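Asks: Just passing along the structure, written as structure tokens.
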Amino acid sequence: MSQPLQGKVALVAGASRGAGRGIAVELGAAGATVYVTGRTTREKRSEYDRPETIEDTADLVTEAGGHGIAVPTDHLDPAQVRTLVDRVADEQGRLDILVNDIWGGEKLFEWDSTLWEHDLDNGLRLLRLAVETHAITSHHALPLLLRHPGGLVVEMTDGTAEYNRDNYRVNFFYDLAKSSVLRMAFALGHELGPRGATAVALTPGWLRSEMMLDHYEVREENWRDALEIVPHFAISETPRYVGRAVAALAADPDVARFNGESLSSGGLAQVYGFTDLDGSRPDAWRYLVEVQDAGKPADVTGYR
């Protein structure tokens, strides 16, 4: 099995579950050493109170062919992030890939609630978890990433720049958080590009995360049963799909051509030729615009 990232070091911040876990595993499958961080460990759960842990993710990275290293980290705490980066520097002497996938806001936003109706403390904490954590992590990690040319920073968000520009996303706080991360990648592109590194924003499509599967009371093995409730879920994708997008970017010697841009898993699949675990190539954001948002019946023909 080809491992184009052999010898590369990655940090996936926010890798307990979901997209972060899928990215960490695929970076491992490509041969990378992957530091996986988050607040949920086998000894202590975050307020999510979910069973997935960073140790589980690290084990999956190693099983995939890489080297997974779990480091409990609260990315709102600059001291903890500094300690994390110092450890990577001491143990590896380099950082080639930084993935900012910290989120933690699933239980903090209220669907279609106006700014003045939304719980203010929850909304402000959502912004801290979704935006401040990314800034803290990049502040401490980028000097290490810049030690060697060719570094890659991936800012994970929900929605492409084009889609989020034209569509109101859930509510004020959610919309602001996801758009802020898109702008982070744009700004980092300006700062990193002249210094030999690349920054991009990346969104998965409709993600079959652990939480999403639980919400629809299905498992990955029978996820299509959820189509009886939400037919458009047919365009959904596994977390490994966006993981393969990150691995493809990290292995691309010409990745700088995307510097500062907003990308999607489905769009990159067309560029690099990777597939989801079932061999399909779902293009969720094109589907959302052309089918779901257009009010057409669910039909993924030509979209996966």
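Labeling convention for the structure tokens: chains A, B, ... as they appear, residues from 1 per chain, ligands from 1 in order of appearance.
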I want to know what sits within 10 Å of range 237-241 of chain A, based on only C-alpha atoms, with residues of the same chain fewer than 3 positions away left out; could you give that as a PDB file with all heavy atoms, in the first residue's frame?
Replies:
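Saved the output as result_29.pdb:
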ATOM      1  N   ARG A  17     -13.728  12.403  17.247  1.00  0.00           N
ATOM      2  CA  ARG A  17     -14.806  11.774  16.483  1.00  0.00           C
ATOM      3  C   ARG A  17     -15.032  12.552  15.193  1.00  0.00           C
ATOM      4  O   ARG A  17     -14.326  13.513  14.909  1.00  0.00           O
ATOM      5  CB  ARG A  17     -16.095  11.744  17.304  1.00  0.00           C
ATOM      6  CG  ARG A  17     -16.589  13.133  17.700  1.00  0.00           C
ATOM      7  CD  ARG A  17     -17.764  13.084  18.666  1.00  0.00           C
ATOM      8  NE  ARG A  17     -17.350  12.555  19.945  1.00  0.00           N
ATOM      9  CZ  ARG A  17     -16.764  13.292  20.912  1.00  0.00           C
ATOM     10  NH1 ARG A  17     -16.517  14.560  20.706  1.00  0.00           N
ATOM     11  NH2 ARG A  17     -16.429  12.758  22.048  1.00  0.00           N
ATOM     12  N   GLY A  18     -16.009  12.126  14.400  1.00  0.00           N
ATOM     13  CA  GLY A  18     -16.429  12.873  13.239  1.00  0.00           C
ATOM     14  C   GLY A  18     -15.336  13.076  12.209  1.00  0.00           C
ATOM     15  O   GLY A  18     -14.497  12.194  11.979  1.00  0.00           O
ATOM     16  N   ALA A  19     -15.332  14.247  11.584  1.00  0.00           N
ATOM     17  CA  ALA A  19     -14.369  14.544  10.532  1.00  0.00           C
ATOM     18  C   ALA A  19     -12.941  14.453  11.044  1.00  0.00           C
ATOM     19  O   ALA A  19     -12.055  13.958  10.338  1.00  0.00           O
ATOM     20  CB  ALA A  19     -14.637  15.933   9.953  1.00  0.00           C
ATOM     21  N   GLY A  20     -12.702  14.923  12.269  1.00  0.00           N
ATOM     22  CA  GLY A  20     -11.349  14.873  12.812  1.00  0.00           C
ATOM     23  C   GLY A  20     -10.809  13.459  12.891  1.00  0.00           C
ATOM     24  O   GLY A  20      -9.653  13.200  12.537  1.00  0.00           O
ATOM     25  N   ARG A  21     -11.655  12.539  13.327  1.00  0.00           N
ATOM     26  CA  ARG A  21     -11.228  11.139  13.384  1.00  0.00           C
ATOM     27  C   ARG A  21     -10.975  10.594  11.980  1.00  0.00           C
ATOM     28  O   ARG A  21      -9.962   9.930  11.732  1.00  0.00           O
ATOM     29  CB  ARG A  21     -12.276  10.283  14.107  1.00  0.00           C
ATOM     30  CG  ARG A  21     -11.962   8.795  14.056  1.00  0.00           C
ATOM     31  CD  ARG A  21     -12.894   7.981  14.927  1.00  0.00           C
ATOM     32  NE  ARG A  21     -12.546   8.122  16.348  1.00  0.00           N
ATOM     33  CZ  ARG A  21     -13.073   7.385  17.330  1.00  0.00           C
ATOM     34  NH1 ARG A  21     -13.985   6.470  17.053  1.00  0.00           N
ATOM     35  NH2 ARG A  21     -12.710   7.570  18.577  1.00  0.00           N
ATOM     36  N   GLY A  22     -11.875  10.868  11.038  1.00  0.00           N
ATOM     37  CA  GLY A  22     -11.691  10.385   9.675  1.00  0.00           C
ATOM     38  C   GLY A  22     -10.410  10.917   9.055  1.00  0.00           C
ATOM     39  O   GLY A  22      -9.692  10.188   8.356  1.00  0.00           O
ATOM     40  N   ILE A  23     -10.104  12.176   9.303  1.00  0.00           N
ATOM     41  CA  ILE A  23      -8.882  12.777   8.771  1.00  0.00           C
ATOM     42  C   ILE A  23      -7.659  12.126   9.393  1.00  0.00           C
ATOM     43  O   ILE A  23      -6.698  11.782   8.690  1.00  0.00           O
ATOM     44  CB  ILE A  23      -8.892  14.295   9.025  1.00  0.00           C
ATOM     45  CG1 ILE A  23      -9.981  14.968   8.181  1.00  0.00           C
ATOM     46  CG2 ILE A  23      -7.524  14.907   8.727  1.00  0.00           C
ATOM     47  CD1 ILE A  23     -10.291  16.390   8.604  1.00  0.00           C
ATOM     48  N   ALA A  24      -7.652  11.975  10.703  1.00  0.00           N
ATOM     49  CA  ALA A  24      -6.506  11.374  11.380  1.00  0.00           C
ATOM     50  C   ALA A  24      -6.228   9.972  10.850  1.00  0.00           C
ATOM     51  O   ALA A  24      -5.076   9.609  10.573  1.00  0.00           O
ATOM     52  CB  ALA A  24      -6.753  11.332  12.888  1.00  0.00           C
ATOM     53  N   VAL A  25      -7.278   9.169  10.677  1.00  0.00           N
ATOM     54  CA  VAL A  25      -7.103   7.792  10.207  1.00  0.00           C
ATOM     55  C   VAL A  25      -6.544   7.764   8.793  1.00  0.00           C
ATOM     56  O   VAL A  25      -5.635   6.980   8.483  1.00  0.00           O
ATOM     57  CB  VAL A  25      -8.438   7.025  10.288  1.00  0.00           C
ATOM     58  CG1 VAL A  25      -8.316   5.654   9.624  1.00  0.00           C
ATOM     59  CG2 VAL A  25      -8.875   6.863  11.744  1.00  0.00           C
ATOM     60  N   GLU A  26      -7.047   8.627   7.923  1.00  0.00           N
ATOM     61  CA  GLU A  26      -6.556   8.617   6.541  1.00  0.00           C
ATOM     62  C   GLU A  26      -5.133   9.158   6.435  1.00  0.00           C
ATOM     63  O   GLU A  26      -4.356   8.693   5.599  1.00  0.00           O
ATOM     64  CB  GLU A  26      -7.501   9.406   5.638  1.00  0.00           C
ATOM     65  CG  GLU A  26      -8.813   8.690   5.353  1.00  0.00           C
ATOM     66  CD  GLU A  26      -8.629   7.366   4.615  1.00  0.00           C
ATOM     67  OE1 GLU A  26      -7.642   7.212   3.879  1.00  0.00           O
ATOM     68  OE2 GLU A  26      -9.490   6.472   4.770  1.00  0.00           O
ATOM     69  N   LEU A  27      -4.765  10.106   7.281  1.00  0.00           N
ATOM     70  CA  LEU A  27      -3.372  10.545   7.320  1.00  0.00           C
ATOM     71  C   LEU A  27      -2.478   9.401   7.788  1.00  0.00           C
ATOM     72  O   LEU A  27      -1.374   9.203   7.277  1.00  0.00           O
ATOM     73  CB  LEU A  27      -3.217  11.755   8.231  1.00  0.00           C
ATOM     74  CG  LEU A  27      -3.813  13.071   7.710  1.00  0.00           C
ATOM     75  CD1 LEU A  27      -3.744  14.143   8.788  1.00  0.00           C
ATOM     76  CD2 LEU A  27      -3.089  13.536   6.447  1.00  0.00           C
ATOM     77  N   PRO A 204     -16.514  19.041   4.676  1.00  0.00           N
ATOM     78  CA  PRO A 204     -17.121  17.801   4.193  1.00  0.00           C
ATOM     79  C   PRO A 204     -18.507  18.121   3.671  1.00  0.00           C
ATOM     80  O   PRO A 204     -18.987  19.260   3.768  1.00  0.00           O
ATOM     81  CB  PRO A 204     -17.195  16.938   5.462  1.00  0.00           C
ATOM     82  CG  PRO A 204     -17.305  17.931   6.576  1.00  0.00           C
ATOM     83  CD  PRO A 204     -16.525  19.145   6.137  1.00  0.00           C
ATOM     84  N   GLY A 205     -19.162  17.116   3.111  1.00  0.00           N
ATOM     85  CA  GLY A 205     -20.560  17.270   2.746  1.00  0.00           C
ATOM     86  C   GLY A 205     -21.433  16.922   3.937  1.00  0.00           C
ATOM     87  O   GLY A 205     -21.098  17.210   5.087  1.00  0.00           O
ATOM     88  N   TRP A 206     -22.554  16.265   3.666  1.00  0.00           N
ATOM     89  CA  TRP A 206     -23.452  15.841   4.747  1.00  0.00           C
ATOM     90  C   TRP A 206     -22.788  14.639   5.417  1.00  0.00           C
ATOM     91  O   TRP A 206     -22.772  13.533   4.878  1.00  0.00           O
ATOM     92  CB  TRP A 206     -24.811  15.481   4.170  1.00  0.00           C
ATOM     93  CG  TRP A 206     -25.894  15.391   5.200  1.00  0.00           C
ATOM     94  CD1 TRP A 206     -25.742  15.170   6.531  1.00  0.00           C
ATOM     95  CD2 TRP A 206     -27.300  15.528   4.970  1.00  0.00           C
ATOM     96  NE1 TRP A 206     -26.960  15.148   7.155  1.00  0.00           N
ATOM     97  CE2 TRP A 206     -27.929  15.367   6.227  1.00  0.00           C
ATOM     98  CE3 TRP A 206     -28.076  15.746   3.836  1.00  0.00           C
ATOM     99  CZ2 TRP A 206     -29.306  15.429   6.365  1.00  0.00           C
ATOM    100  CZ3 TRP A 206     -29.441  15.804   3.976  1.00  0.00           C
ATOM    101  CH2 TRP A 206     -30.064  15.652   5.223  1.00  0.00           C
ATOM    102  N   LEU A 207     -22.261  14.861   6.588  1.00  0.00           N
ATOM    103  CA  LEU A 207     -21.356  13.901   7.218  1.00  0.00           C
ATOM    104  C   LEU A 207     -22.109  12.849   8.028  1.00  0.00           C
ATOM    105  O   LEU A 207     -22.932  13.196   8.885  1.00  0.00           O
ATOM    106  CB  LEU A 207     -20.378  14.657   8.133  1.00  0.00           C
ATOM    107  CG  LEU A 207     -19.136  13.906   8.579  1.00  0.00           C
ATOM    108  CD1 LEU A 207     -18.192  13.676   7.415  1.00  0.00           C
ATOM    109  CD2 LEU A 207     -18.424  14.701   9.670  1.00  0.00           C
ATOM    110  N   ARG A 208     -21.781  11.588   7.775  1.00  0.00           N
ATOM    111  CA  ARG A 208     -22.332  10.514   8.601  1.00  0.00           C
ATOM    112  C   ARG A 208     -21.431  10.308   9.817  1.00  0.00           C
ATOM    113  O   ARG A 208     -20.775   9.280   9.976  1.00  0.00           O
ATOM    114  CB  ARG A 208     -22.472   9.220   7.789  1.00  0.00           C
ATOM    115  CG  ARG A 208     -23.535   9.291   6.717  1.00  0.00           C
ATOM    116  CD  ARG A 208     -24.039   7.926   6.301  1.00  0.00           C
ATOM    117  NE  ARG A 208     -23.026   7.045   5.767  1.00  0.00           N
ATOM    118  CZ  ARG A 208     -22.591   7.058   4.511  1.00  0.00           C
ATOM    119  NH1 ARG A 208     -23.074   7.929   3.645  1.00  0.00           N
ATOM    120  NH2 ARG A 208     -21.662   6.207   4.108  1.00  0.00           N
ATOM    121  N   SER A 209     -21.406  11.314  10.648  1.00  0.00           N
ATOM    122  CA  SER A 209     -20.634  11.236  11.891  1.00  0.00           C
ATOM    123  C   SER A 209     -21.343  10.328  12.880  1.00  0.00           C
ATOM    124  O   SER A 209     -22.500   9.928  12.682  1.00  0.00           O
ATOM    125  CB  SER A 209     -20.494  12.625  12.502  1.00  0.00           C
ATOM    126  OG  SER A 209     -21.772  13.124  12.897  1.00  0.00           O
ATOM    127  N   GLU A 210     -20.656  10.018  13.950  1.00  0.00           N
ATOM    128  CA  GLU A 210     -21.258   9.186  14.995  1.00  0.00           C
ATOM    129  C   GLU A 210     -22.526   9.835  15.544  1.00  0.00           C
ATOM    130  O   GLU A 210     -23.545   9.179  15.770  1.00  0.00           O
ATOM    131  CB  GLU A 210     -20.259   8.953  16.138  1.00  0.00           C
ATOM    132  CG  GLU A 210     -18.990   8.224  15.729  1.00  0.00           C
ATOM    133  CD  GLU A 210     -17.890   9.150  15.242  1.00  0.00           C
ATOM    134  OE1 GLU A 210     -18.175  10.358  15.001  1.00  0.00           O
ATOM    135  OE2 GLU A 210     -16.752   8.688  15.090  1.00  0.00           O
ATOM    136  N   GLU A 220     -23.608   2.797  10.605  1.00  0.00           N
ATOM    137  CA  GLU A 220     -23.008   2.934   9.282  1.00  0.00           C
ATOM    138  C   GLU A 220     -23.457   1.801   8.366  1.00  0.00           C
ATOM    139  O   GLU A 220     -23.668   2.008   7.165  1.00  0.00           O
ATOM    140  CB  GLU A 220     -21.481   2.968   9.385  1.00  0.00           C
ATOM    141  CG  GLU A 220     -20.763   3.086   8.060  1.00  0.00           C
ATOM    142  CD  GLU A 220     -21.154   4.328   7.258  1.00  0.00           C
ATOM    143  OE1 GLU A 220     -21.485   5.370   7.866  1.00  0.00           O
ATOM    144  OE2 GLU A 220     -21.124   4.253   6.009  1.00  0.00           O
ATOM    145  N   PHE A 233     -30.625  12.594   2.604  1.00  0.00           N
ATOM    146  CA  PHE A 233     -29.471  12.013   3.298  1.00  0.00           C
ATOM    147  C   PHE A 233     -28.731  11.040   2.381  1.00  0.00           C
ATOM    148  O   PHE A 233     -27.619  10.605   2.678  1.00  0.00           O
ATOM    149  CB  PHE A 233     -29.949  11.298   4.567  1.00  0.00           C
ATOM    150  CG  PHE A 233     -28.865  10.965   5.556  1.00  0.00           C
ATOM    151  CD1 PHE A 233     -27.974  11.911   6.013  1.00  0.00           C
ATOM    152  CD2 PHE A 233     -28.753   9.659   6.050  1.00  0.00           C
ATOM    153  CE1 PHE A 233     -26.993  11.594   6.941  1.00  0.00           C
ATOM    154  CE2 PHE A 233     -27.775   9.324   6.978  1.00  0.00           C
ATOM    155  CZ  PHE A 233     -26.897  10.304   7.432  1.00  0.00           C
ATOM    156  N   ALA A 234     -29.331  10.711   1.252  1.00  0.00           N
ATOM    157  CA  ALA A 234     -28.701   9.820   0.273  1.00  0.00           C
ATOM    158  C   ALA A 234     -27.378  10.375  -0.236  1.00  0.00           C
ATOM    159  O   ALA A 234     -26.537   9.624  -0.734  1.00  0.00           O
ATOM    160  CB  ALA A 234     -29.649   9.563  -0.894  1.00  0.00           C
ATOM    161  N   ARG A 244      -9.662  11.501   3.247  1.00  0.00           N
ATOM    162  CA  ARG A 244      -8.906  11.234   2.020  1.00  0.00           C
ATOM    163  C   ARG A 244      -8.628  12.525   1.257  1.00  0.00           C
ATOM    164  O   ARG A 244      -7.602  12.645   0.575  1.00  0.00           O
ATOM    165  CB  ARG A 244      -9.672  10.228   1.155  1.00  0.00           C
ATOM    166  CG  ARG A 244      -9.683   8.840   1.782  1.00  0.00           C
ATOM    167  CD  ARG A 244     -10.498   7.814   1.021  1.00  0.00           C
ATOM    168  NE  ARG A 244     -10.344   6.505   1.644  1.00  0.00           N
ATOM    169  CZ  ARG A 244     -10.916   5.396   1.225  1.00  0.00           C
ATOM    170  NH1 ARG A 244     -11.712   5.412   0.158  1.00  0.00           N
ATOM    171  NH2 ARG A 244     -10.715   4.243   1.855  1.00  0.00           N
ATOM    172  N   ALA A 245      -9.509  13.494   1.406  1.00  0.00           N
ATOM    173  CA  ALA A 245      -9.266  14.797   0.791  1.00  0.00           C
ATOM    174  C   ALA A 245      -8.037  15.457   1.419  1.00  0.00           C
ATOM    175  O   ALA A 245      -7.176  16.002   0.709  1.00  0.00           O
ATOM    176  CB  ALA A 245     -10.489  15.694   0.946  1.00  0.00           C
ATOM    177  N   VAL A 246      -7.944  15.408   2.742  1.00  0.00           N
ATOM    178  CA  VAL A 246      -6.794  16.007   3.429  1.00  0.00           C
ATOM    179  C   VAL A 246      -5.509  15.267   3.075  1.00  0.00           C
ATOM    180  O   VAL A 246      -4.467  15.889   2.809  1.00  0.00           O
ATOM    181  CB  VAL A 246      -7.014  16.017   4.950  1.00  0.00           C
ATOM    182  CG1 VAL A 246      -5.750  16.498   5.672  1.00  0.00           C
ATOM    183  CG2 VAL A 246      -8.195  16.904   5.315  1.00  0.00           C
ATOM    184  N   ALA A 247      -5.567  13.929   3.055  1.00  0.00           N
ATOM    185  CA  ALA A 247      -4.379  13.151   2.712  1.00  0.00           C
ATOM    186  C   ALA A 247      -3.918  13.459   1.290  1.00  0.00           C
ATOM    187  O   ALA A 247      -2.703  13.551   1.029  1.00  0.00           O
ATOM    188  CB  ALA A 247      -4.673  11.658   2.864  1.00  0.00           C
ATOM    189  N   SER A 265     -14.813  18.254   0.096  1.00  0.00           N
ATOM    190  CA  SER A 265     -14.418  16.861  -0.134  1.00  0.00           C
ATOM    191  C   SER A 265     -14.873  16.402  -1.514  1.00  0.00           C
ATOM    192  O   SER A 265     -14.112  15.777  -2.263  1.00  0.00           O
ATOM    193  CB  SER A 265     -15.000  15.957   0.957  1.00  0.00           C
ATOM    194  OG  SER A 265     -16.398  16.175   1.092  1.00  0.00           O
ATOM    195  N   GLY A 266     -16.114  16.717  -1.879  1.00  0.00           N
ATOM    196  CA  GLY A 266     -16.627  16.294  -3.181  1.00  0.00           C
ATOM    197  C   GLY A 266     -15.895  16.935  -4.339  1.00  0.00           C
ATOM    198  O   GLY A 266     -15.634  16.290  -5.359  1.00  0.00           O
ATOM    199  N   ALA A 269     -12.437  15.323  -4.667  1.00  0.00           N
ATOM    200  CA  ALA A 269     -12.505  13.964  -5.213  1.00  0.00           C
ATOM    201  C   ALA A 269     -12.439  14.000  -6.738  1.00  0.00           C
ATOM    202  O   ALA A 269     -11.872  13.097  -7.365  1.00  0.00           O
ATOM    203  CB  ALA A 269     -13.782  13.271  -4.759  1.00  0.00           C
ATOM    204  N   PHE A 274      -9.953  10.223  -5.561  1.00  0.00           N
ATOM    205  CA  PHE A 274     -10.251   9.322  -4.451  1.00  0.00           C
ATOM    206  C   PHE A 274     -11.764   9.117  -4.334  1.00  0.00           C
ATOM    207  O   PHE A 274     -12.561   9.879  -4.904  1.00  0.00           O
ATOM    208  CB  PHE A 274      -9.671   9.854  -3.137  1.00  0.00           C
ATOM    209  CG  PHE A 274     -10.212  11.193  -2.708  1.00  0.00           C
ATOM    210  CD1 PHE A 274     -11.407  11.298  -2.011  1.00  0.00           C
ATOM    211  CD2 PHE A 274      -9.517  12.360  -2.995  1.00  0.00           C
ATOM    212  CE1 PHE A 274     -11.911  12.525  -1.617  1.00  0.00           C
ATOM    213  CE2 PHE A 274      -9.997  13.600  -2.605  1.00  0.00           C
ATOM    214  CZ  PHE A 274     -11.201  13.684  -1.918  1.00  0.00           C
ATOM    215  N   THR A 275     -12.150   8.095  -3.608  1.00  0.00           N
ATOM    216  CA  THR A 275     -13.565   7.790  -3.401  1.00  0.00           C
ATOM    217  C   THR A 275     -13.858   7.654  -1.919  1.00  0.00           C
ATOM    218  O   THR A 275     -12.952   7.584  -1.086  1.00  0.00           O
ATOM    219  CB  THR A 275     -13.954   6.466  -4.079  1.00  0.00           C
ATOM    220  OG1 THR A 275     -13.288   5.377  -3.403  1.00  0.00           O
ATOM    221  CG2 THR A 275     -13.571   6.468  -5.551  1.00  0.00           C
ATOM    222  N   ASP A 276     -15.135   7.598  -1.595  1.00  0.00           N
ATOM    223  CA  ASP A 276     -15.554   7.254  -0.240  1.00  0.00           C
ATOM    224  C   ASP A 276     -15.373   5.749  -0.059  1.00  0.00           C
ATOM    225  O   ASP A 276     -14.990   5.027  -0.994  1.00  0.00           O
ATOM    226  CB  ASP A 276     -17.007   7.665  -0.024  1.00  0.00           C
ATOM    227  CG  ASP A 276     -17.350   7.901   1.440  1.00  0.00           C
ATOM    228  OD1 ASP A 276     -16.559   7.490   2.320  1.00  0.00           O
ATOM    229  OD2 ASP A 276     -18.414   8.478   1.714  1.00  0.00           O
ATOM    230  N   LEU A 277     -15.645   5.249   1.113  1.00  0.00           N
ATOM    231  CA  LEU A 277     -15.398   3.839   1.413  1.00  0.00           C
ATOM    232  C   LEU A 277     -16.198   2.898   0.530  1.00  0.00           C
ATOM    233  O   LEU A 277     -15.780   1.761   0.303  1.00  0.00           O
ATOM    234  CB  LEU A 277     -15.708   3.560   2.892  1.00  0.00           C
ATOM    235  CG  LEU A 277     -14.846   4.302   3.921  1.00  0.00           C
ATOM    236  CD1 LEU A 277     -15.259   3.916   5.335  1.00  0.00           C
ATOM    237  CD2 LEU A 277     -13.363   4.024   3.701  1.00  0.00           C
ATOM    238  N   ASP A 278     -17.334   3.374   0.028  1.00  0.00           N
ATOM    239  CA  ASP A 278     -18.164   2.510  -0.822  1.00  0.00           C
ATOM    240  C   ASP A 278     -17.819   2.635  -2.304  1.00  0.00           C
ATOM    241  O   ASP A 278     -18.500   2.063  -3.159  1.00  0.00           O
ATOM    242  CB  ASP A 278     -19.644   2.808  -0.602  1.00  0.00           C
ATOM    243  CG  ASP A 278     -20.035   4.230  -1.001  1.00  0.00           C
ATOM    244  OD1 ASP A 278     -19.147   4.997  -1.442  1.00  0.00           O
ATOM    245  OD2 ASP A 278     -21.222   4.582  -0.861  1.00  0.00           O
ATOM    246  N   SER A 280     -17.945   5.401  -4.082  1.00  0.00           N
ATOM    247  CA  SER A 280     -18.646   6.512  -4.731  1.00  0.00           C
ATOM    248  C   SER A 280     -17.907   7.830  -4.481  1.00  0.00           C
ATOM    249  O   SER A 280     -16.999   7.904  -3.655  1.00  0.00           O
ATOM    250  CB  SER A 280     -20.080   6.617  -4.202  1.00  0.00           C
ATOM    251  OG  SER A 280     -20.077   7.054  -2.847  1.00  0.00           O
ATOM    252  N   ARG A 281     -18.329   8.874  -5.217  1.00  0.00           N
ATOM    253  CA  ARG A 281     -17.749  10.204  -5.046  1.00  0.00           C
ATOM    254  C   ARG A 281     -18.883  11.215  -4.825  1.00  0.00           C
ATOM    255  O   ARG A 281     -19.227  11.991  -5.726  1.00  0.00           O
ATOM    256  CB  ARG A 281     -16.925  10.616  -6.273  1.00  0.00           C
ATOM    257  CG  ARG A 281     -15.657   9.817  -6.477  1.00  0.00           C
ATOM    258  CD  ARG A 281     -14.746  10.494  -7.501  1.00  0.00           C
ATOM    259  NE  ARG A 281     -13.527   9.706  -7.683  1.00  0.00           N
ATOM    260  CZ  ARG A 281     -13.324   8.861  -8.683  1.00  0.00           C
ATOM    261  NH1 ARG A 281     -14.272   8.675  -9.586  1.00  0.00           N
ATOM    262  NH2 ARG A 281     -12.198   8.189  -8.774  1.00  0.00           N
ATOM    263  N   PRO A 282     -19.480  11.251  -3.647  1.00  0.00           N
ATOM    264  CA  PRO A 282     -20.568  12.201  -3.408  1.00  0.00           C
ATOM    265  C   PRO A 282     -20.094  13.649  -3.514  1.00  0.00           C
ATOM    266  O   PRO A 282     -19.051  14.009  -2.999  1.00  0.00           O
ATOM    267  CB  PRO A 282     -21.024  11.877  -1.979  1.00  0.00           C
ATOM    268  CG  PRO A 282     -19.906  11.106  -1.369  1.00  0.00           C
ATOM    269  CD  PRO A 282     -19.216  10.397  -2.480  1.00  0.00           C
ATOM    270  N   ASP A 283     -20.870  14.453  -4.221  1.00  0.00           N
ATOM    271  CA  ASP A 283     -20.580  15.873  -4.387  1.00  0.00           C
ATOM    272  C   ASP A 283     -21.721  16.638  -3.735  1.00  0.00           C
ATOM    273  O   ASP A 283     -22.622  17.164  -4.390  1.00  0.00           O
ATOM    274  CB  ASP A 283     -20.465  16.211  -5.882  1.00  0.00           C
ATOM    275  CG  ASP A 283     -19.895  17.597  -6.121  1.00  0.00           C
ATOM    276  OD1 ASP A 283     -19.690  18.327  -5.142  1.00  0.00           O
ATOM    277  OD2 ASP A 283     -19.653  17.941  -7.287  1.00  0.00           O
ATOM    278  N   ALA A 284     -21.675  16.723  -2.411  1.00  0.00           N
ATOM    279  CA  ALA A 284     -22.822  17.184  -1.633  1.00  0.00           C
ATOM    280  C   ALA A 284     -23.176  18.640  -1.883  1.00  0.00           C
ATOM    281  O   ALA A 284     -24.359  18.986  -1.976  1.00  0.00           O
ATOM    282  CB  ALA A 284     -22.556  16.968  -0.144  1.00  0.00           C
ATOM    283  N   ARG A 304     -23.104  11.254  -7.102  1.00  0.00           N
ATOM    284  CA  ARG A 304     -22.240  10.383  -6.326  1.00  0.00           C
ATOM    285  C   ARG A 304     -21.853   9.172  -7.174  1.00  0.00           C
ATOM    286  O   ARG A 304     -21.454   8.166  -6.768  1.00  0.00           O
ATOM    287  CB  ARG A 304     -22.828   9.994  -4.972  1.00  0.00           C
ATOM    288  CG  ARG A 304     -24.079   9.136  -4.967  1.00  0.00           C
ATOM    289  CD  ARG A 304     -24.453   8.716  -3.541  1.00  0.00           C
ATOM    290  NE  ARG A 304     -23.336   8.177  -2.821  1.00  0.00           N
ATOM    291  CZ  ARG A 304     -23.078   8.352  -1.501  1.00  0.00           C
ATOM    292  NH1 ARG A 304     -23.884   9.085  -0.762  1.00  0.00           N
ATOM    293  NH2 ARG A 304     -22.052   7.800  -0.923  1.00  0.00           N
TER     294      ARG A 304
END
Asks: Go through range 59-271 of chain A and collect every residue that DSSP, computed from the backbone, puts in strand (DSSP E); the answer should be as number ranges by chain.
Replies: A: 67-72, 97-100, 152-156, 198-203, 262-264
Asks: Kindly indicate which residue among A:Ala251, A:Ala141, A:Leu76, A:Ala29 lies nearest to Thr62 in chain A, using only C-alpha atoms for the distances.
Replies: A:Ala29
Asks: When distances are computed from only C-alpha atoms, which of A:Glu132, A:Asp121, A:Asp101, A:Asp112 shows the smallest separation from Leu202 in chain A?
Replies: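 Closest to Leu202 in chain A, using only C-alpha atoms: A:Asp101.
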Asks: If we count only C-alpha atoms, what is near range 285-289 of chain A at a cut-off of 8 Å, once residues fewer than 6 positions away on the same chain are taken out, given as a list of chain:residue names?
Replies: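 After dropping sequence-adjacent residues, the list is A:Gly159, A:Thr160, A:Tyr163, A:Gly205, A:Ile235, A:Ser264, A:Gly266, A:Val300, A:Tyr303.
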Asks: Got a sec: who's within 8 Å of Ala298 in chain A, counting only C-alpha atoms, leaving out chain neighbours fewer than 4 positions off, as a count of residues only?
Replies: 5
Asks: Find the spatial neighbours of Ala32 in chain A, counting only C-alpha atoms, within a cut-off of 10 Å - ignore same-chain residues fewer than 4 positions away - and output them as a list in words.
Replies: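 The filter keeps Gln3, Pro4, Leu5, Gln6, Gly7, Lys8, Val9, Ala10, Leu11, Ala24, Val25, Glu26, Leu27, Gly28, Val61, Thr62, Gly65, Gly66, His67, Gly68, Asp96, Ile97 and Ala247 of chain A.
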Asks: With a distance cut-off of 10 Å and only C-alpha atoms, select the neighbouring residues of His140 in chain A, excluding the residue or stretch itself and same-chain residues fewer than 3 positions from it, and output the selection as number ranges by chain.
Replies: A: 78-79, 81-86, 135-137, 143-145
Asks: Between A:Pro297, A:Gly273, A:Gly189, A:Gly279, single out the one closest to Val230 in chain A, counting only C-alpha atoms.
Replies: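 The answer is A:Pro297, which sits nearest to Val230 in chain A.
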Asks: Could you pull the residues within 6 Å of Val36 in chain A, counting only C-alpha atoms, minus those fewer than 5 positions along the same chain, as a ChimeraX atom specification?
Replies: /A:12,15,70
Asks: For a quick check of understanding, using only C-alpha atoms, which of A:Arg39, A:Leu127, A:Leu146, A:Asn167 has the smallest distance to Ala89 in chain A?
Replies: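 Checking each candidate against Ala89 in chain A, we get A:Leu146 as the closest.
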Asks: Measure the distance from CA of Ala177 in chain A to CA of Ala58 in chain A in Å and round it to one decimal.
Replies: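 Atom-to-atom, CA of Ala177 in chain A to CA of Ala58 in chain A, that is 27.6 Å.
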Asks: Tell me which of A:Arg224, A:Arg219, A:Arg257, A:His134 sits closest to Ala185 in chain A, counting only C-alpha atoms.
Replies: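 The closest residue to Ala185 in chain A is A:His134.
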Asks: Have a look at CA of His148 in chain A and CA of Leu98 in chain A and let me know their distance in Å, one decimal.
Replies: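 Taking CA of His148 in chain A and CA of Leu98 in chain A, their separation equals 13.2 Å.
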Asks: Report as JSON, numbers by chain: the residues of range 91-122 of chain A with a DSSP assignment of alpha helix (DSSP H), based on the backbone of this structure.
Replies: {"A": [91, 92, 120, 121, 122]}
